$ cat upload.pdb   # PDB, C-alpha atoms
MODEL        1
ATOM      1  CA  MET A 239      -2.282 -16.581  -4.477
ATOM      2  CA  SER A 240      -0.260 -17.849  -7.398
ATOM      3  CA  SER A 241      -0.549 -21.458  -8.499
ATOM      4  CA  ARG A 242       3.174 -21.744  -7.732
ATOM      5  CA  ASN A 243       2.393 -21.190  -4.059
ATOM      6  CA  GLU A 244       0.349 -24.406  -4.105
ATOM      7  CA  ARG A 245       3.627 -26.308  -4.495
ATOM      8  CA  LEU A 246       4.823 -24.971  -1.140
ATOM      9  CA  SER A 247       4.322 -26.639   2.224
ATOM     10  CA  PRO A 248       1.998 -24.812   4.632
ATOM     11  CA  GLN A 249       5.034 -23.587   6.595
ATOM     12  CA  ALA A 250       6.723 -22.303   3.425
ATOM     13  CA  ARG A 251       3.555 -20.436   2.438
ATOM     14  CA  GLU A 252       3.828 -18.532   5.699
ATOM     15  CA  GLU A 253       7.515 -17.859   5.020
ATOM     16  CA  ALA A 254       6.719 -16.610   1.504
ATOM     17  CA  VAL A 255       5.023 -13.582   3.076
ATOM     18  CA  PHE A 256       8.594 -12.310   3.491
ATOM     19  CA  ILE A 257       8.582 -11.460  -0.230
ATOM     20  CA  ILE A 258       5.727  -8.955  -0.016
ATOM     21  CA  GLN A 259       7.116  -7.638   3.259
ATOM     22  CA  SER A 260      10.475  -6.990   1.599
ATOM     23  CA  LEU A 261       8.746  -5.156  -1.258
ATOM     24  CA  GLU A 262       6.871  -2.993   1.243
ATOM     25  CA  LYS A 263      10.145  -2.195   3.039
ATOM     26  CA  ALA A 264      11.745  -1.364  -0.309
ATOM     27  CA  LYS A 265       8.876   0.990  -1.148
ATOM     28  CA  ALA A 266       9.263   2.872   2.145
ATOM     29  CA  TYR A 267      13.058   2.954   1.867
ATOM     30  CA  PHE A 268      12.964   4.104  -1.763
ATOM     31  CA  LYS A 269      11.212   7.344  -0.795
ATOM     32  CA  ASN A 270      14.407   8.711   0.782
ATOM     33  CA  HIS A 271      17.177   6.640  -0.772
ATOM     34  CA  SER A 272      18.749   5.967  -4.132
ATOM     35  CA  ILE A 273      17.995   2.998  -6.342
ATOM     36  CA  ASN A 274      21.386   1.432  -5.565
ATOM     37  CA  ASP A 275      20.857   1.855  -1.817
ATOM     38  CA  THR A 276      17.382   0.345  -2.042
ATOM     39  CA  VAL A 277      18.650  -2.665  -3.994
ATOM     40  CA  ALA A 278      21.469  -3.162  -1.463
ATOM     41  CA  MET A 279      19.009  -2.968   1.444
ATOM     42  CA  VAL A 280      16.808  -5.690  -0.079
ATOM     43  CA  GLN A 281      19.837  -7.876  -0.810
ATOM     44  CA  LYS A 282      20.847  -7.587   2.863
ATOM     45  CA  LEU A 283      17.362  -8.629   3.974
ATOM     46  CA  TYR A 284      17.613 -11.798   1.899
ATOM     47  CA  ALA A 285      21.181 -12.501   2.976
ATOM     48  CA  LYS A 286      19.834 -12.765   6.547
ATOM     49  CA  ASN A 287      16.939 -15.038   5.547
ATOM     50  CA  LYS A 288      17.976 -18.698   5.628
ATOM     51  CA  ASN A 289      14.937 -20.057   3.772
ATOM     52  CA  LEU A 290      14.480 -17.737   0.798
ATOM     53  CA  GLU A 291      17.143 -17.394  -1.860
ATOM     54  CA  LEU A 292      17.039 -14.122  -3.792
ATOM     55  CA  GLU A 293      17.520 -14.585  -7.526
ATOM     56  CA  TYR A 294      17.171 -10.896  -8.300
ATOM     57  CA  PHE A 295      15.658  -7.617  -7.218
ATOM     58  CA  THR A 296      15.524  -4.735  -9.668
ATOM     59  CA  ILE A 297      13.863  -1.369 -10.019
ATOM     60  CA  ALA A 298      12.542  -0.344 -13.422
ATOM     61  CA  SER A 299      10.759   2.554 -15.034
ATOM     62  CA  GLU A 300       7.071   1.788 -14.829
ATOM     63  CA  GLU A 301       6.585   3.286 -18.290
ATOM     64  CA  THR A 302       9.201   1.208 -20.123
ATOM     65  CA  LEU A 303       9.891  -1.645 -17.651
ATOM     66  CA  ILE A 304      13.589  -1.097 -18.337
ATOM     67  CA  PRO A 305      15.786  -1.323 -15.206
ATOM     68  CA  VAL A 306      17.109   2.062 -14.119
ATOM     69  CA  LYS A 307      20.141   3.237 -12.146
ATOM     70  CA  ARG A 308      18.952   6.652 -10.945
ATOM     71  CA  LYS A 309      15.744   8.404  -9.988
ATOM     72  CA  TYR A 310      14.230  11.267 -11.934
ATOM     73  CA  ASN A 311      11.467  13.591 -10.818
ATOM     74  CA  LYS A 312       7.968  12.822 -12.026
ATOM     75  CA  HIS A 313       8.846   9.264 -13.050
ATOM     76  CA  THR A 314       7.158   6.199 -11.622
ATOM     77  CA  TYR A 315       9.082   3.099 -10.652
ATOM     78  CA  ARG A 316       8.265  -0.547 -10.042
ATOM     79  CA  ALA A 317      10.278  -3.125  -8.117
ATOM     80  CA  PHE A 318      10.559  -6.678  -9.430
ATOM     81  CA  ILE A 319      11.685  -9.595  -7.315
ATOM     82  CA  VAL A 320      12.341 -13.288  -7.822
ATOM     83  CA  ALA A 321      13.137 -15.595  -4.925
ATOM     84  CA  HIS A 322      13.289 -19.356  -4.432
ATOM     85  CA  LEU A 323      11.668 -21.275  -1.596
ATOM     86  CA  GLU A 324      11.533 -25.074  -1.391
ATOM     87  CA  GLY A 325      12.677 -25.214  -5.019
ATOM     88  CA  VAL A 326       9.770 -23.034  -6.196
ATOM     89  CA  ARG A 327      10.535 -19.836  -8.108
ATOM     90  CA  LEU A 328       8.354 -17.056  -6.681
ATOM     91  CA  ILE A 329       7.852 -13.787  -8.563
ATOM     92  CA  ASP A 330       6.301 -10.535  -7.393
ATOM     93  CA  ASN A 331       6.380  -6.789  -8.081
ATOM     94  CA  MET A 332       5.196  -3.553  -6.552
ATOM     95  CA  ARG A 333       4.838   0.058  -7.583
ATOM     96  CA  LEU A 334       7.330   2.172  -5.663
ATOM     97  CA  SER A 335       6.257   5.696  -6.576
TER
ENDMDL
END

$ encode --input "upload.pdb" --output "structure tokens"
Amino acid sequence: MSSRNERLSPQAREEAVFIIQSLEKAKAYFKNHSINDTVAMVQKLYAKNKNLELEYFTIASEETLIPVKRKYNKHTYRAFIVAHLEGVRLIDNMRLS
């Protein structure tokens, strides 16, 4: 757990699990969908969540960490997310492929 999470109330810590859950959903969705569709899906998840405010969600090449717009065979990708909860900026990432 990040030291930033210590600034959250116990209830908010439970709500922060939504971040990793959204990354896991993005990973599953990414297998059969485009980068743009995956980003849009995550944005919709956060639009429905009243407690977490999405600052950004992006998918980048794991090799260069540069955000990408389309998938290429034999490349690996990583999702990066930043969201705010109770005024705390929470950051996470996950390998997608």

$ resolve_selection --input "upload.pdb" --expression "the PyMOL selection byres ((chain A and resi 326-331) around 8)" --output "PyMOL selection string"
chain A and resi 242-243+245-246+257-258+261+316-325+332-333

$ resolve_selection --input "upload.pdb" --expression "the PyMOL selection byres ((chain A and resi 268) around 12)" --output "JSON, numbers by chain"
{"A": [260, 261, 262, 263, 264, 265, 266, 267, 269, 270, 271, 272, 273, 274, 275, 276, 277, 278, 279, 280, 297, 308, 309, 314, 315, 316, 317, 332, 333, 334, 335]}

$ axis_aligned_box --input "upload.pdb" --around "region 289-304 of chain A" --padding-each-side "4 Å" --output "JSON"
{"center_x": 12.1, "center_y": -8.4, "center_z": -8.2, "size_x": 18.9, "size_y": 31.3, "size_z": 31.9}

$ atom_distance --input "upload.pdb" --atom1 "CA of Arg251 (chain A)" --atom2 "CA of Leu283 (chain A)"
18.2 Å

$ atom_distance --input "upload.pdb" --atom1 "CA of Thr296 (chain A)" --atom2 "CA of Asn311 (chain A)"
18.8 Å

$ build_atoms --input "upload.pdb" --residues "region 251-286 of chain A" --atoms "N, CA and C atoms" --output "mmCIF file, keeping the file's coordinate frame"
data_model
loop_
_atom_site.group_PDB
_atom_site.id
_atom_site.type_symbol
_atom_site.label_atom_id
_atom_site.label_comp_id
_atom_site.auth_asym_id
_atom_site.auth_seq_id
_atom_site.Cartn_x
_atom_site.Cartn_y
_atom_site.Cartn_z
ATOM 1 N N ARG A 251 4.512 -21.475 2.842
ATOM 2 C CA ARG A 251 3.555 -20.436 2.438
ATOM 3 C C ARG A 251 3.597 -19.270 3.414
ATOM 4 N N GLU A 252 3.707 -19.589 4.691
ATOM 5 C CA GLU A 252 3.828 -18.532 5.699
ATOM 6 C C GLU A 252 5.141 -17.774 5.529
ATOM 7 N N GLU A 253 6.211 -18.493 5.217
ATOM 8 C CA GLU A 253 7.515 -17.859 5.020
ATOM 9 C C GLU A 253 7.539 -16.997 3.762
ATOM 10 N N ALA A 254 6.751 -17.351 2.770
ATOM 11 C CA ALA A 254 6.719 -16.610 1.504
ATOM 12 C C ALA A 254 6.193 -15.192 1.684
ATOM 13 N N VAL A 255 5.508 -14.930 2.782
ATOM 14 C CA VAL A 255 5.023 -13.582 3.076
ATOM 15 C C VAL A 255 6.207 -12.604 3.145
ATOM 16 N N PHE A 256 7.383 -13.133 3.439
ATOM 17 C CA PHE A 256 8.594 -12.310 3.491
ATOM 18 C C PHE A 256 8.797 -11.541 2.183
ATOM 19 N N ILE A 257 8.391 -12.110 1.073
ATOM 20 C CA ILE A 257 8.582 -11.460 -0.230
ATOM 21 C C ILE A 257 7.803 -10.155 -0.289
ATOM 22 N N ILE A 258 6.519 -10.189 0.034
ATOM 23 C CA ILE A 258 5.727 -8.955 -0.016
ATOM 24 C C ILE A 258 6.200 -7.987 1.057
ATOM 25 N N GLN A 259 6.598 -8.507 2.199
ATOM 26 C CA GLN A 259 7.116 -7.638 3.259
ATOM 27 C C GLN A 259 8.381 -6.929 2.807
ATOM 28 N N SER A 260 9.239 -7.625 2.085
ATOM 29 C CA SER A 260 10.475 -6.990 1.599
ATOM 30 C C SER A 260 10.164 -5.938 0.537
ATOM 31 N N LEU A 261 9.152 -6.167 -0.281
ATOM 32 C CA LEU A 261 8.746 -5.156 -1.258
ATOM 33 C C LEU A 261 8.177 -3.921 -0.562
ATOM 34 N N GLU A 262 7.411 -4.126 0.493
ATOM 35 C CA GLU A 262 6.871 -2.993 1.243
ATOM 36 C C GLU A 262 7.988 -2.188 1.910
ATOM 37 N N LYS A 263 8.995 -2.882 2.444
ATOM 38 C CA LYS A 263 10.145 -2.195 3.039
ATOM 39 C C LYS A 263 10.911 -1.428 1.963
ATOM 40 N N ALA A 264 11.052 -2.037 0.794
ATOM 41 C CA ALA A 264 11.745 -1.364 -0.309
ATOM 42 C C ALA A 264 10.994 -0.101 -0.722
ATOM 43 N N LYS A 265 9.681 -0.177 -0.767
ATOM 44 C CA LYS A 265 8.876 0.990 -1.148
ATOM 45 C C LYS A 265 9.087 2.134 -0.160
ATOM 46 N N ALA A 266 9.053 1.837 1.127
ATOM 47 C CA ALA A 266 9.263 2.872 2.145
ATOM 48 C C ALA A 266 10.687 3.424 2.083
ATOM 49 N N TYR A 267 11.648 2.555 1.904
ATOM 50 C CA TYR A 267 13.058 2.954 1.867
ATOM 51 C C TYR A 267 13.360 3.803 0.635
ATOM 52 N N PHE A 268 12.739 3.440 -0.473
ATOM 53 C CA PHE A 268 12.964 4.104 -1.763
ATOM 54 C C PHE A 268 12.592 5.583 -1.730
ATOM 55 N N LYS A 269 11.655 5.950 -0.869
ATOM 56 C CA LYS A 269 11.212 7.344 -0.795
ATOM 57 C C LYS A 269 12.362 8.292 -0.478
ATOM 58 N N ASN A 270 13.321 7.838 0.329
ATOM 59 C CA ASN A 270 14.407 8.711 0.782
ATOM 60 C C ASN A 270 15.797 8.221 0.412
ATOM 61 N N HIS A 271 15.876 7.200 -0.426
ATOM 62 C CA HIS A 271 17.177 6.640 -0.772
ATOM 63 C C HIS A 271 17.276 6.395 -2.274
ATOM 64 N N SER A 272 18.487 6.207 -2.707
ATOM 65 C CA SER A 272 18.749 5.967 -4.132
ATOM 66 C C SER A 272 18.328 4.552 -4.534
ATOM 67 N N ILE A 273 18.304 4.330 -5.823
ATOM 68 C CA ILE A 273 17.995 2.998 -6.342
ATOM 69 C C ILE A 273 19.040 2.001 -5.868
ATOM 70 N N ASN A 274 20.325 2.348 -5.988
ATOM 71 C CA ASN A 274 21.386 1.432 -5.565
ATOM 72 C C ASN A 274 21.283 1.101 -4.085
ATOM 73 N N ASP A 275 20.996 2.092 -3.256
ATOM 74 C CA ASP A 275 20.857 1.855 -1.817
ATOM 75 C C ASP A 275 19.653 0.965 -1.509
ATOM 76 N N THR A 276 18.577 1.157 -2.245
ATOM 77 C CA THR A 276 17.382 0.345 -2.042
ATOM 78 C C THR A 276 17.643 -1.102 -2.435
ATOM 79 N N VAL A 277 18.309 -1.306 -3.555
ATOM 80 C CA VAL A 277 18.650 -2.665 -3.994
ATOM 81 C C VAL A 277 19.557 -3.329 -2.952
ATOM 82 N N ALA A 278 20.546 -2.611 -2.466
ATOM 83 C CA ALA A 278 21.469 -3.162 -1.463
ATOM 84 C C ALA A 278 20.727 -3.525 -0.178
ATOM 85 N N MET A 279 19.777 -2.697 0.234
ATOM 86 C CA MET A 279 19.009 -2.968 1.444
ATOM 87 C C MET A 279 18.222 -4.269 1.295
ATOM 88 N N VAL A 280 17.581 -4.468 0.145
ATOM 89 C CA VAL A 280 16.808 -5.690 -0.079
ATOM 90 C C VAL A 280 17.739 -6.898 -0.123
ATOM 91 N N GLN A 281 18.881 -6.772 -0.765
ATOM 92 C CA GLN A 281 19.837 -7.876 -0.810
ATOM 93 C C GLN A 281 20.284 -8.274 0.599
ATOM 94 N N LYS A 282 20.464 -7.295 1.475
ATOM 95 C CA LYS A 282 20.847 -7.587 2.863
ATOM 96 C C LYS A 282 19.730 -8.319 3.601
ATOM 97 N N LEU A 283 18.490 -7.929 3.349
ATOM 98 C CA LEU A 283 17.362 -8.629 3.974
ATOM 99 C C LEU A 283 17.384 -10.112 3.617
ATOM 100 N N TYR A 284 17.619 -10.411 2.357
ATOM 101 C CA TYR A 284 17.613 -11.798 1.899
ATOM 102 C C TYR A 284 18.865 -12.545 2.333
ATOM 103 N N ALA A 285 19.967 -11.852 2.488
ATOM 104 C CA ALA A 285 21.181 -12.501 2.976
ATOM 105 C C ALA A 285 20.988 -13.022 4.398
ATOM 106 N N LYS A 286 20.114 -12.360 5.167
ATOM 107 C CA LYS A 286 19.834 -12.765 6.547
ATOM 108 C C LYS A 286 18.767 -13.861 6.625
#
